[in-house]
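Peer 1: Structure file coords25.csv (CSV, C-alpha atoms and all ligand atoms) is given on the next line.
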chain,number,residue,atom,x,y,z
A,25,MET,CA,-43.5,1.9,7.9
A,26,SER,CA,-42.8,0.1,4.7
A,27,GLY,CA,-43.1,-3.4,6.2
A,28,ALA,CA,-39.5,-4.3,5.4
A,29,ARG,CA,-38.2,-7.3,7.4
A,30,PHE,CA,-34.6,-7.3,8.6
A,31,TYR,CA,-32.7,-10.0,10.3
A,32,VAL,CA,-29.6,-8.6,12.0
A,33,THR,CA,-27.2,-11.4,12.9
A,34,THR,CA,-25.3,-9.5,15.6
A,35,PRO,CA,-26.0,-6.4,17.6
A,36,ILE,CA,-24.4,-3.4,15.8
A,37,PRO,CA,-24.2,0.1,17.2
A,38,GLU,CA,-26.6,2.9,16.7
A,39,PRO,CA,-27.8,4.5,14.6
A,40,ALA,CA,-28.4,1.2,12.7
A,41,LEU,CA,-31.2,-0.3,14.7
A,42,THR,CA,-33.2,3.0,14.9
A,43,LEU,CA,-32.8,3.5,11.1
A,44,LEU,CA,-33.9,-0.1,10.4
A,45,ARG,CA,-36.9,0.0,12.8
A,46,ALA,CA,-38.1,3.2,11.1
A,47,ALA,CA,-38.2,1.2,7.9
A,48,GLY,CA,-39.7,-2.0,9.2
A,49,SER,CA,-39.3,-4.9,11.6
A,50,VAL,CA,-36.0,-6.0,13.0
A,51,GLU,CA,-35.2,-9.5,14.4
A,52,LEU,CA,-32.0,-9.6,16.5
A,53,PRO,CA,-31.1,-13.1,17.8
A,54,GLU,CA,-29.6,-13.5,21.2
A,55,GLU,CA,-26.5,-15.3,19.7
A,56,LEU,CA,-24.8,-15.1,16.4
A,57,PRO,CA,-26.6,-17.7,14.3
A,58,ASP,CA,-24.6,-20.8,13.3
A,59,ALA,CA,-24.5,-22.0,9.7
A,60,ALA,CA,-27.7,-24.1,10.1
A,61,ARG,CA,-29.7,-21.2,11.6
A,62,LEU,CA,-28.4,-18.7,9.0
A,63,ARG,CA,-29.6,-21.1,6.3
A,64,GLU,CA,-33.1,-21.4,8.0
A,65,VAL,CA,-33.3,-17.6,8.1
A,66,CYS,CA,-32.3,-17.1,4.5
A,67,LEU,CA,-34.6,-19.8,3.2
A,68,SER,CA,-37.6,-19.0,5.4
A,69,GLY,CA,-39.0,-16.2,3.2
A,70,ASP,CA,-39.6,-14.2,6.4
A,71,TYR,CA,-36.9,-11.6,5.8
A,72,ASP,CA,-36.0,-9.2,3.0
A,73,VAL,CA,-32.5,-8.3,4.1
A,74,VAL,CA,-29.9,-10.0,6.3
A,75,VAL,CA,-27.6,-7.6,8.1
A,76,SER,CA,-24.5,-9.7,8.5
A,77,GLN,CA,-21.0,-9.5,9.8
A,78,LEU,CA,-17.7,-11.2,8.7
A,79,ARG,CA,-18.4,-14.4,10.7
A,80,ASP,CA,-21.6,-15.1,8.7
A,81,SER,CA,-20.7,-17.1,5.7
A,82,PHE,CA,-22.9,-17.0,2.5
A,83,ASP,CA,-21.7,-19.7,0.1
A,84,ALA,CA,-23.0,-20.5,-3.4
A,85,ASP,CA,-25.3,-23.3,-2.1
A,86,LEU,CA,-26.9,-21.1,0.5
A,87,LEU,CA,-27.3,-18.2,-2.0
A,88,ALA,CA,-28.9,-20.4,-4.6
A,89,ALA,CA,-31.7,-21.4,-2.2
A,90,ALA,CA,-32.0,-18.1,-0.2
A,91,LYS,CA,-35.2,-16.2,-0.4
A,92,ILE,CA,-33.8,-12.8,0.5
A,93,ARG,CA,-33.3,-9.6,-1.5
A,94,GLY,CA,-30.1,-8.4,0.0
A,95,ILE,CA,-27.2,-8.9,2.4
A,96,SER,CA,-25.9,-5.8,4.1
A,97,ASN,CA,-22.4,-6.6,5.4
A,98,TYR,CA,-21.2,-4.7,8.4
A,99,ALA,CA,-17.7,-4.4,7.0
A,100,VAL,CA,-15.8,-3.0,4.0
A,101,GLY,CA,-14.6,-6.5,3.2
A,102,PHE,CA,-17.0,-9.1,1.8
A,103,ASN,CA,-15.0,-12.3,1.4
A,104,ASN,CA,-17.6,-14.0,3.6
A,105,VAL,CA,-20.1,-13.7,0.7
A,106,ASP,CA,-19.8,-15.5,-2.6
A,107,ILE,CA,-20.4,-12.4,-4.7
A,108,GLY,CA,-20.7,-14.3,-8.0
A,109,ALA,CA,-23.4,-16.5,-6.6
A,110,ALA,CA,-25.2,-13.6,-5.0
A,111,THR,CA,-25.3,-11.8,-8.3
A,112,ALA,CA,-26.4,-14.9,-10.2
A,113,ASN,CA,-29.3,-15.2,-7.7
A,114,LYS,CA,-30.2,-11.5,-7.9
A,115,ILE,CA,-29.2,-10.9,-4.3
A,116,LEU,CA,-27.8,-7.5,-3.7
A,117,VAL,CA,-24.8,-7.1,-1.4
A,118,GLY,CA,-23.7,-3.9,0.3
A,119,ASN,CA,-20.6,-2.9,2.4
A,120,THR,CA,-19.3,0.0,4.4
A,121,PRO,CA,-16.3,1.6,2.5
A,122,GLY,CA,-14.5,4.8,3.3
A,123,VAL,CA,-15.4,5.3,6.9
A,124,LEU,CA,-12.8,2.9,8.4
A,125,THR,CA,-9.9,3.9,6.1
A,126,ASP,CA,-8.0,6.1,8.6
A,127,ALA,CA,-8.7,3.9,11.6
A,128,THR,CA,-7.3,0.8,9.8
A,129,ALA,CA,-4.3,2.7,8.6
A,130,ASP,CA,-3.7,3.8,12.2
A,131,VAL,CA,-3.6,0.2,13.2
A,132,ALA,CA,-1.1,-0.7,10.3
A,133,MET,CA,1.1,2.1,11.6
A,134,LEU,CA,0.6,1.0,15.2
A,135,LEU,CA,1.8,-2.5,14.2
A,136,ILE,CA,4.8,-1.1,12.4
A,137,MET,CA,5.8,0.9,15.4
A,138,ALA,CA,5.0,-1.7,18.0
A,139,THR,CA,6.9,-4.5,16.3
A,140,ALA,CA,9.9,-2.3,15.3
A,141,ARG,CA,10.2,-0.9,18.9
A,142,ARG,CA,9.2,-4.1,20.7
A,143,ALA,CA,6.4,-2.4,22.5
A,144,VAL,CA,4.6,-5.5,23.8
A,145,GLU,CA,7.8,-7.2,25.0
A,146,ALA,CA,8.8,-3.9,26.7
A,147,ASP,CA,5.4,-3.6,28.4
A,148,THR,CA,5.5,-7.2,29.6
A,149,PHE,CA,9.1,-6.6,30.9
A,150,VAL,CA,8.0,-3.6,33.0
A,151,ARG,CA,4.8,-5.3,34.3
A,152,SER,CA,6.7,-8.4,35.3
A,153,GLY,CA,9.0,-6.3,37.6
A,154,LYS,CA,12.1,-6.8,35.5
A,155,PHE,CA,12.8,-3.2,34.9
A,156,THR,CA,15.7,-2.3,37.2
A,157,GLY,CA,16.8,0.9,35.4
A,158,TRP,CA,18.1,2.3,32.1
A,159,GLU,CA,20.5,0.1,30.3
A,160,PRO,CA,22.4,0.8,27.0
A,161,ASN,CA,21.3,-2.5,25.5
A,162,LEU,CA,17.8,-2.9,26.8
A,163,LEU,CA,15.2,-4.0,24.3
A,164,LEU,CA,16.8,-2.5,21.2
A,165,GLY,CA,14.6,-2.3,18.2
A,166,GLN,CA,14.7,-1.0,14.6
A,167,ASP,CA,14.4,2.5,13.2
A,168,VAL,CA,11.2,3.4,11.5
A,169,SER,CA,12.3,6.7,10.2
A,170,GLY,CA,14.5,6.2,7.2
A,171,SER,CA,13.3,2.6,6.6
A,172,THR,CA,11.4,1.4,3.6
A,173,LEU,CA,7.7,0.5,3.7
A,174,GLY,CA,6.4,-1.8,1.0
A,175,LEU,CA,2.6,-1.6,0.4
A,176,ALA,CA,1.0,-4.6,-1.2
A,177,GLY,CA,-2.1,-2.9,-2.8
A,178,PHE,CA,-2.6,0.8,-3.2
A,179,GLY,CA,-6.3,1.3,-2.4
A,180,ARG,CA,-7.8,3.6,0.2
A,181,ILE,CA,-6.2,2.0,3.3
A,182,ALA,CA,-2.8,1.6,1.7
A,183,ARG,CA,-2.8,5.2,0.7
A,184,ALA,CA,-3.8,6.3,4.2
A,185,THR,CA,-0.9,4.2,5.5
A,186,ALA,CA,1.4,5.8,3.0
A,187,ARG,CA,0.4,9.2,4.2
A,188,ARG,CA,1.3,8.3,7.8
A,189,ALA,CA,4.6,6.6,6.7
A,190,LEU,CA,5.8,9.6,4.8
A,191,ALA,CA,5.2,11.7,7.8
A,192,PHE,CA,7.3,9.3,9.8
A,193,GLY,CA,10.2,9.7,7.3
A,194,MET,CA,9.8,6.3,5.6
A,195,GLN,CA,10.5,5.7,2.0
A,196,VAL,CA,7.3,4.2,0.5
A,197,LEU,CA,7.1,1.6,-2.3
A,198,PHE,CA,3.9,0.1,-3.6
A,199,CYS,CA,2.8,-2.7,-5.8
A,200,PRO,CA,-0.8,-2.0,-6.7
A,201,ARG,CA,-2.1,-5.5,-7.5
A,202,PRO,CA,0.2,-8.2,-6.3
A,203,PRO,CA,1.4,-10.7,-7.3
A,204,GLY,CA,0.8,-9.2,-10.8
A,205,ASP,CA,1.3,-5.6,-11.8
A,206,ARG,CA,-0.6,-2.8,-13.5
A,207,PRO,CA,0.5,0.6,-14.6
A,208,VAL,CA,-0.5,3.5,-12.4
A,209,PRO,CA,-0.6,6.9,-14.2
A,210,ASP,CA,0.7,9.9,-12.3
A,211,ALA,CA,-2.8,11.4,-12.4
A,212,GLU,CA,-4.1,8.4,-10.5
A,213,LEU,CA,-1.4,8.9,-7.8
A,214,GLY,CA,-2.7,12.4,-7.0
A,215,GLU,CA,-1.0,13.7,-3.8
A,216,PHE,CA,1.5,10.7,-3.9
A,217,ALA,CA,3.0,11.5,-7.4
A,218,GLY,CA,6.8,11.8,-6.9
A,219,ARG,CA,6.6,10.7,-3.3
A,220,VAL,CA,6.0,7.0,-3.5
A,221,THR,CA,7.6,4.4,-5.9
A,222,HIS,CA,5.8,1.9,-8.0
A,223,THR,CA,7.6,-1.5,-8.0
A,224,ASP,CA,6.8,-5.1,-9.0
A,225,TRP,CA,6.0,-7.7,-6.4
A,226,ASP,CA,9.5,-9.2,-6.3
A,227,THR,CA,11.1,-5.9,-5.7
A,228,LEU,CA,8.6,-5.0,-3.0
A,229,VAL,CA,9.2,-8.3,-1.2
A,230,THR,CA,13.0,-8.2,-1.4
A,231,THR,CA,13.6,-4.5,-0.6
A,232,SER,CA,11.0,-3.6,2.1
A,233,ASP,CA,12.0,-3.3,5.7
A,234,PHE,CA,8.2,-3.4,6.5
A,235,LEU,CA,5.8,-5.2,4.2
A,236,SER,CA,2.2,-4.1,4.9
A,237,LEU,CA,-0.7,-6.0,3.2
A,238,HIS,CA,-3.6,-4.0,1.8
A,239,VAL,CA,-5.3,-6.4,-0.6
A,240,PRO,CA,-8.7,-7.9,-0.6
A,241,LEU,CA,-8.9,-11.7,-0.1
A,242,ASN,CA,-9.6,-13.5,-3.4
A,243,GLU,CA,-8.2,-16.4,-5.3
A,244,GLN,CA,-5.2,-14.3,-6.5
A,245,THR,CA,-4.3,-13.1,-3.1
A,246,ARG,CA,-4.9,-16.3,-1.0
A,247,HIS,CA,-1.4,-17.2,0.4
A,248,LEU,CA,0.1,-14.3,-1.4
A,249,VAL,CA,2.7,-14.3,1.3
A,250,ASP,CA,3.9,-18.0,1.3
A,251,ALA,CA,7.1,-19.7,2.3
A,252,ASP,CA,8.9,-18.5,-0.8
A,253,VAL,CA,7.9,-14.9,-0.3
A,254,LEU,CA,9.0,-15.1,3.4
A,255,HIS,CA,12.3,-16.6,2.3
A,256,ALA,CA,12.8,-13.8,-0.1
A,257,MET,CA,12.2,-11.0,2.5
A,258,LYS,CA,15.1,-9.4,4.3
A,259,PRO,CA,16.0,-11.2,7.6
A,260,THR,CA,15.5,-7.9,9.3
A,261,ALA,CA,12.0,-7.4,7.7
A,262,ILE,CA,8.7,-7.1,9.5
A,263,LEU,CA,5.4,-8.3,8.0
A,264,VAL,CA,2.2,-6.3,8.9
A,265,ASN,CA,-1.3,-7.6,8.1
A,266,THR,CA,-4.4,-5.6,8.6
A,267,ALA,CA,-6.2,-7.0,5.5
A,268,ARG,CA,-7.3,-10.6,5.7
A,269,GLY,CA,-5.6,-13.6,7.4
A,270,PRO,CA,-5.6,-16.0,4.5
A,271,VAL,CA,-3.5,-13.6,2.5
A,272,VAL,CA,-0.6,-15.1,4.6
A,273,ASP,CA,0.3,-18.8,4.9
A,274,GLU,CA,0.3,-18.6,8.7
A,275,ALA,CA,2.1,-21.9,9.3
A,276,ALA,CA,4.9,-20.8,6.9
A,277,LEU,CA,5.0,-17.4,8.8
A,278,VAL,CA,5.5,-19.2,12.1
A,279,ASP,CA,8.4,-21.2,10.6
A,280,ALA,CA,9.9,-18.0,9.1
A,281,LEU,CA,9.7,-16.2,12.5
A,282,LYS,CA,11.2,-19.1,14.4
A,283,SER,CA,14.1,-19.6,12.0
A,284,GLY,CA,14.9,-15.9,11.7
A,285,GLU,CA,14.0,-15.7,8.0
A,286,ILE,CA,12.2,-12.5,8.9
A,287,ALA,CA,12.5,-10.4,12.1
A,288,GLY,CA,8.9,-10.0,13.2
A,289,ALA,CA,5.2,-9.7,12.4
A,290,GLY,CA,2.4,-7.4,13.4
A,291,LEU,CA,-1.0,-9.1,12.8
A,292,ASP,CA,-4.6,-7.9,13.2
A,293,VAL,CA,-6.1,-10.8,11.2
A,294,TYR,CA,-5.5,-14.6,11.1
A,295,GLU,CA,-5.8,-17.3,8.6
A,296,ASP,CA,-8.4,-19.3,10.6
A,297,GLU,CA,-9.8,-16.6,12.8
A,298,PRO,CA,-10.1,-16.7,15.8
A,299,ALA,CA,-7.7,-19.7,16.0
A,300,LEU,CA,-4.0,-19.0,15.7
A,301,ALA,CA,-1.5,-21.2,13.9
A,302,PRO,CA,0.3,-23.4,16.4
A,303,GLY,CA,3.3,-21.6,17.9
A,304,LEU,CA,2.3,-18.1,16.8
A,305,ALA,CA,1.2,-16.9,20.2
A,306,GLU,CA,4.5,-18.1,21.8
A,307,LEU,CA,6.7,-16.0,19.6
A,308,PRO,CA,8.1,-12.8,21.2
A,309,ASN,CA,8.7,-11.2,17.9
A,310,THR,CA,5.0,-10.8,17.1
A,311,VAL,CA,2.4,-8.3,18.0
A,312,LEU,CA,-1.1,-9.8,17.8
A,313,LEU,CA,-4.3,-7.9,17.8
A,314,PRO,CA,-7.9,-9.3,17.7
A,315,HIS,CA,-9.1,-7.8,14.3
A,316,VAL,CA,-9.6,-4.3,15.6
A,317,GLY,CA,-8.6,-2.3,12.6
A,318,SER,CA,-11.9,-0.4,12.5
A,319,ALA,CA,-12.6,-0.6,16.2
A,320,THR,CA,-13.2,3.0,17.3
A,321,VAL,CA,-16.5,4.2,18.7
A,322,ALA,CA,-17.0,6.7,15.9
A,323,VAL,CA,-16.0,4.4,13.0
A,324,ARG,CA,-18.2,1.5,14.1
A,325,SER,CA,-21.1,3.9,14.4
A,326,GLU,CA,-20.5,5.2,10.9
A,327,MET,CA,-20.2,1.7,9.6
A,328,ALA,CA,-23.6,0.9,11.3
A,329,ARG,CA,-25.2,3.9,9.6
A,330,LEU,CA,-23.9,2.9,6.1
A,331,CYS,CA,-24.9,-0.7,6.8
A,332,ALA,CA,-28.5,0.3,7.8
A,333,GLU,CA,-28.8,2.7,4.8
A,334,ASN,CA,-27.8,-0.1,2.5
A,335,ALA,CA,-30.2,-2.5,4.1
A,336,VAL,CA,-33.2,-0.1,3.9
A,337,ALA,CA,-32.5,0.6,0.2
A,338,MET,CA,-32.3,-3.1,-0.6
A,339,ALA,CA,-35.5,-3.8,1.2
A,340,GLN,CA,-37.2,-1.1,-0.7
A,341,ASN,CA,-35.9,-2.4,-4.1
A,342,ARG,CA,-33.4,0.4,-4.5
A,343,ILE,CA,-29.7,0.1,-5.3
A,344,PRO,CA,-27.9,0.5,-2.0
A,345,PRO,CA,-25.7,3.6,-1.5
A,346,HIS,CA,-22.7,1.3,-1.2
A,347,PRO,CA,-23.3,-1.7,-3.5
A,348,VAL,CA,-20.8,-4.5,-4.0
A,349,ASN,CA,-22.7,-6.1,-6.9
A,350,PRO,CA,-24.9,-3.4,-8.6
B,401,LIG,C1,-13.8,-4.8,7.4
B,401,LIG,O1,-14.6,-3.9,7.5
B,401,LIG,O2,-13.7,-5.5,6.4
B,401,LIG,C2,-12.9,-5.1,8.6
B,401,LIG,O3,-12.1,-6.2,8.5
B,401,LIG,C3,-13.7,-5.1,9.9
B,401,LIG,O4,-14.1,-3.8,10.1
Could you render the structure as structure tokens?
Peer 2:
Amino acid sequence: MSGARFYVTTPIPEPALTLLRAAGSVELPEELPDAARLREVCLSGDYDVVVSQLRDSFDADLLAAAKIRGISNYAVGFNNVDIGAATANKILVGNTPGVLTDATADVAMLLIMATARRAVEADTFVRSGKFTGWEPNLLLGQDVSGSTLGLAGFGRIARATARRALAFGMQVLFCPRPPGDRPVPDAELGEFAGRVTHTDWDTLVTTSDFLSLHVPLNEQTRHLVDADVLHAMKPTAILVNTARGPVVDEAALVDALKSGEIAGAGLDVYEDEPALAPGLAELPNTVLLPHVGSATVAVRSEMARLCAENAVAMAQNRIPPHPVNP
């Protein structure tokens, strides 16, 4: 045993705890620590690495005072950590990339299908005893096949979504780094060369039937989808967000859904999670999931393994296998 000391803010699946215990001691609180408790933990000098989740926030002030070597985030996203401040204070940060790509793309596709075909409304209709038999005009939705999917971002999860969309007969457009642009050479497109179309942000917004968000949350992407963007979308368009809630101005989204500026939204993430913008939950043209993009048994277990491997490496003064700020 190396004597490494881990503080794990929330129970995560095996094999994480076994791997951590093999490398040192593990403290697992009964409840997710609040900000004050997390600060105490980080400043105590009692722990080498904090194994965190998205609800644990590490801001510049906390990181400047923290006496820890590393933060191993149980997520691919790391917008809960001020990476610049972590780097400045020589605190390593690790994440869990790759293993949740397909699961999250499945949920993007699920939201596309469920909103287009009104699956939640239809389910409620049946359960409430309203189904009295087949009708020509019952719960008509939109075609997915033949429609245009616009991908904001073109990283791993966007590409996995493109793969699924192409198999569903959709035309796929992408804007790699909205709201700006950057050239994407054919060689970088790999299997997608000639099968997907690179566009600028305005074209993506105005021509997509489904606009699916796959960007990290940062100062460039906060409120990327605002009232102007929603106004510019087709009135028949559907917005899908499996990325991060604050990429969308949620109050503006509620207005746009109410006024018919867009036709629907499928959301797995929210601006002020777990709170919803007033009015959102009452809208029938939405499908709302509780941030479950990566929520399969196998994926969460793989995330736990990567997270523990990162934590052990950091505690032993090694660069973690999946570093965010090497
Ligand atoms: C992530 O990993 O960033 C997801 O949002 C949760 O799995």
Peer 1: Of the candidates A:Ser171, A:Asn97, A:Ser49, A:Thr34, which shows the shortest atom-to-atom distance to Ile136 of chain A, using all atoms listed in the file?
Peer 2: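 The closest residue to Ile136 of chain A is A:Ser171.
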Peer 1: Please determine, counting only C-alpha atoms, which residue among A:Val311, A:Leu235, A:Ala182, A:Val220 has the shortest atom-to-atom distance to Asp130 of chain A.
Peer 2: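 Of A:Val311, A:Leu235, A:Ala182, A:Val220, the one nearest Asp130 of chain A, counting only C-alpha atoms, is A:Ala182.
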Peer 1: Quick one: which segment 37-96 of chain A residues come within 8 Å of segment 118-128 of chain A, and what is the nearest atom pair for each with the distance in Å to one decimal, counting all atoms listed in the file, rows ordered by chain and ascending number, as JSON lines?
Peer 2:
{"residue": "A:Gly94", "atom": "CA", "partner": "A:Gly118", "partner_atom": "CA", "distance": 7.8}
{"residue": "A:Ile95", "atom": "CA", "partner": "A:Gly118", "partner_atom": "CA", "distance": 6.5}
{"residue": "A:Ser96", "atom": "CA", "partner": "A:Gly118", "partner_atom": "CA", "distance": 4.8}
Peer 1: Around ligand LIG 401 (chain B), at most 6 Å away and counting all atoms listed in the file, which residues are there? Put them as a list in words, please.
Peer 2: Ala99, Val100, Gly101 and Ser318 of chain A
Peer 1: Atom CA of His222 of chain A and atom CA of Phe198 of chain A are how many Å apart?
Peer 2: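 Distance reported for this atom pair: 5.1 Å.
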Peer 1: So how many Å separate atom CA of Ala289 of chain A and atom CA of Val323 of chain A, to one decimal?
Peer 2: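 Atom CA of Val323 of chain A lies at a distance of 25.5 Å from atom CA of Ala289 of chain A.
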Peer 1: Calculated over only C-alpha atoms, which of the candidates A:Leu313, A:Arg142, A:Ala328, A:Ser169 has the smallest distance to Ser76 of chain A?
Peer 2: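 Distance minimum relative to Ser76 of chain A lands on A:Ala328.
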Peer 1: Would you mind reading off the distance between atom CA of Leu248 of chain A and atom CA of Pro270 of chain A, one decimal, in Å?
Peer 2: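 Spanning atom CA of Leu248 of chain A to atom CA of Pro270 of chain A is a straight-line distance of 8.4 Å.
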Peer 1: If we draw a sphere of 10 Å around (15.3, -7.5, 22.3), which residues have at least one atom in it when counting all atoms listed in the file? Please report them as a ChimeraX atom specification.
Peer 2: /A:141-142,145-146,161-165,308-309
Peer 1: Determine the nearest neighbour of Pro345 of chain A from the options A:Val117, A:Ala251, A:Val293, A:Val272, counting all atoms listed in the file.
Peer 2: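 With all atoms listed in the file as the atom set, the closest residue is A:Val117.
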Peer 1: When you look at segment 258-266 of chain A with a cut-off of 7 Å (counting only C-alpha atoms), what residues show up, excluding the ones that are within fewer than 5 positions of it in the same chain? I need them as a ChimeraX atom specification.
Peer 2: /A:132,135-136,230,232-237,284-293,317
Peer 1: Which of these, A:Glu215, A:Leu44, A:Glu54, A:Phe30, has the shortest distance to Asp70 of chain A once you count only C-alpha atoms?
Peer 2: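 The answer is A:Phe30, which sits nearest to Asp70 of chain A.
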Peer 1: Choose the residue, out of A:Ala28, A:Leu281, A:Leu134, A:Ile36, that has the smallest atom-to-atom separation from Gly48 of chain A; count only C-alpha atoms.
Peer 2: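 Going through A:Ala28, A:Leu281, A:Leu134, A:Ile36 one by one, the smallest distance to Gly48 of chain A is for A:Ala28.
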Peer 1: For Trp225 of chain A, please output as a VMD selection string all residues within 8 Å (counting only C-alpha atoms; exclusion window: fewer than 2 positions along the same chain).
Peer 2: chain A and resid 176 199 202 to 205 223 227 to 229
Peer 1: Using all atoms listed in the file - which residues lie no farther than 10 Å from the point (4.3, -22.4, 18.5) in the file's frame? Write them as a PDB file with C-alpha atoms, in the coordinates of the input.
Peer 2:
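Dumped to out19.pdb:
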ATOM      1  CA  ALA A 275       2.100 -21.900   9.300  1.00  0.00           C
ATOM      2  CA  VAL A 278       5.500 -19.200  12.100  1.00  0.00           C
ATOM      3  CA  ASP A 279       8.400 -21.200  10.600  1.00  0.00           C
ATOM      4  CA  LYS A 282      11.200 -19.100  14.400  1.00  0.00           C
ATOM      5  CA  LEU A 300      -4.000 -19.000  15.700  1.00  0.00           C
ATOM      6  CA  ALA A 301      -1.500 -21.200  13.900  1.00  0.00           C
ATOM      7  CA  PRO A 302       0.300 -23.400  16.400  1.00  0.00           C
ATOM      8  CA  GLY A 303       3.300 -21.600  17.900  1.00  0.00           C
ATOM      9  CA  LEU A 304       2.300 -18.100  16.800  1.00  0.00           C
ATOM     10  CA  ALA A 305       1.200 -16.900  20.200  1.00  0.00           C
ATOM     11  CA  GLU A 306       4.500 -18.100  21.800  1.00  0.00           C
ATOM     12  CA  LEU A 307       6.700 -16.000  19.600  1.00  0.00           C
TER      13      LEU A 307
END
Peer 1: Would you mind listing what lies within 10 Å of Ser81 of chain A as a short mmCIF file (atom, residue, chain, number, x, y, z; two decimals) with C-alpha atoms, in the coordinates of the input, with only C-alpha atoms counted and same-chain residues fewer than 4 positions away left out?
Peer 2:
data_model
loop_
_atom_site.label_atom_id
_atom_site.label_comp_id
_atom_site.auth_asym_id
_atom_site.auth_seq_id
_atom_site.Cartn_x
_atom_site.Cartn_y
_atom_site.Cartn_z
CA ASP A 58 -24.60 -20.80 13.30
CA ALA A 59 -24.50 -22.00 9.70
CA LEU A 62 -28.40 -18.70 9.00
CA ARG A 63 -29.60 -21.10 6.30
CA SER A 76 -24.50 -9.70 8.50
CA GLN A 77 -21.00 -9.50 9.80
CA LEU A 86 -26.90 -21.10 0.50
CA PHE A 102 -17.00 -9.10 1.80
CA ASN A 103 -15.00 -12.30 1.40
CA ASN A 104 -17.60 -14.00 3.60
CA VAL A 105 -20.10 -13.70 0.70
CA ASP A 106 -19.80 -15.50 -2.60
#
Peer 1: Please output segment 274-289 of chain A, rebuilt to include N, CA and C atoms, as a short mmCIF file (atom, residue, chain, number, x, y, z; two decimals), in the frame of the given file.
Peer 2:
data_model
loop_
_atom_site.label_atom_id
_atom_site.label_comp_id
_atom_site.auth_asym_id
_atom_site.auth_seq_id
_atom_site.Cartn_x
_atom_site.Cartn_y
_atom_site.Cartn_z
N GLU A 274 -0.07 -18.87 7.30
CA GLU A 274 0.30 -18.60 8.70
C GLU A 274 1.28 -19.64 9.26
N ALA A 275 1.15 -20.89 8.81
CA ALA A 275 2.10 -21.90 9.30
C ALA A 275 3.50 -21.58 8.77
N ALA A 276 3.58 -21.14 7.50
CA ALA A 276 4.90 -20.80 6.90
C ALA A 276 5.43 -19.54 7.66
N LEU A 277 4.53 -18.64 8.06
CA LEU A 277 5.00 -17.40 8.80
C LEU A 277 5.59 -17.84 10.14
N VAL A 278 4.95 -18.77 10.84
CA VAL A 278 5.50 -19.20 12.10
C VAL A 278 6.91 -19.79 11.91
N ASP A 279 7.05 -20.60 10.88
CA ASP A 279 8.40 -21.20 10.60
C ASP A 279 9.40 -20.08 10.32
N ALA A 280 8.99 -19.10 9.50
CA ALA A 280 9.90 -18.00 9.10
C ALA A 280 10.31 -17.18 10.34
N LEU A 281 9.37 -16.98 11.25
CA LEU A 281 9.70 -16.20 12.50
C LEU A 281 10.56 -16.97 13.40
N LYS A 282 10.34 -18.28 13.46
CA LYS A 282 11.20 -19.10 14.40
C LYS A 282 12.59 -19.23 13.86
N SER A 283 12.72 -19.38 12.53
CA SER A 283 14.10 -19.60 12.00
C SER A 283 14.82 -18.33 11.73
N GLY A 284 14.17 -17.20 11.93
CA GLY A 284 14.90 -15.90 11.70
C GLY A 284 14.89 -15.51 10.24
N GLU A 285 14.07 -16.15 9.43
CA GLU A 285 14.00 -15.70 8.00
C GLU A 285 13.49 -14.29 7.90
N ILE A 286 12.56 -13.93 8.79
CA ILE A 286 12.20 -12.50 8.90
C ILE A 286 12.25 -12.17 10.42
N ALA A 287 12.23 -10.85 10.70
CA ALA A 287 12.50 -10.40 12.10
C ALA A 287 11.24 -10.39 12.95
N GLY A 288 10.09 -10.14 12.34
CA GLY A 288 8.90 -10.00 13.20
C GLY A 288 7.63 -9.88 12.35
N ALA A 289 6.50 -9.89 13.06
CA ALA A 289 5.20 -9.70 12.40
C ALA A 289 4.24 -9.02 13.30
#
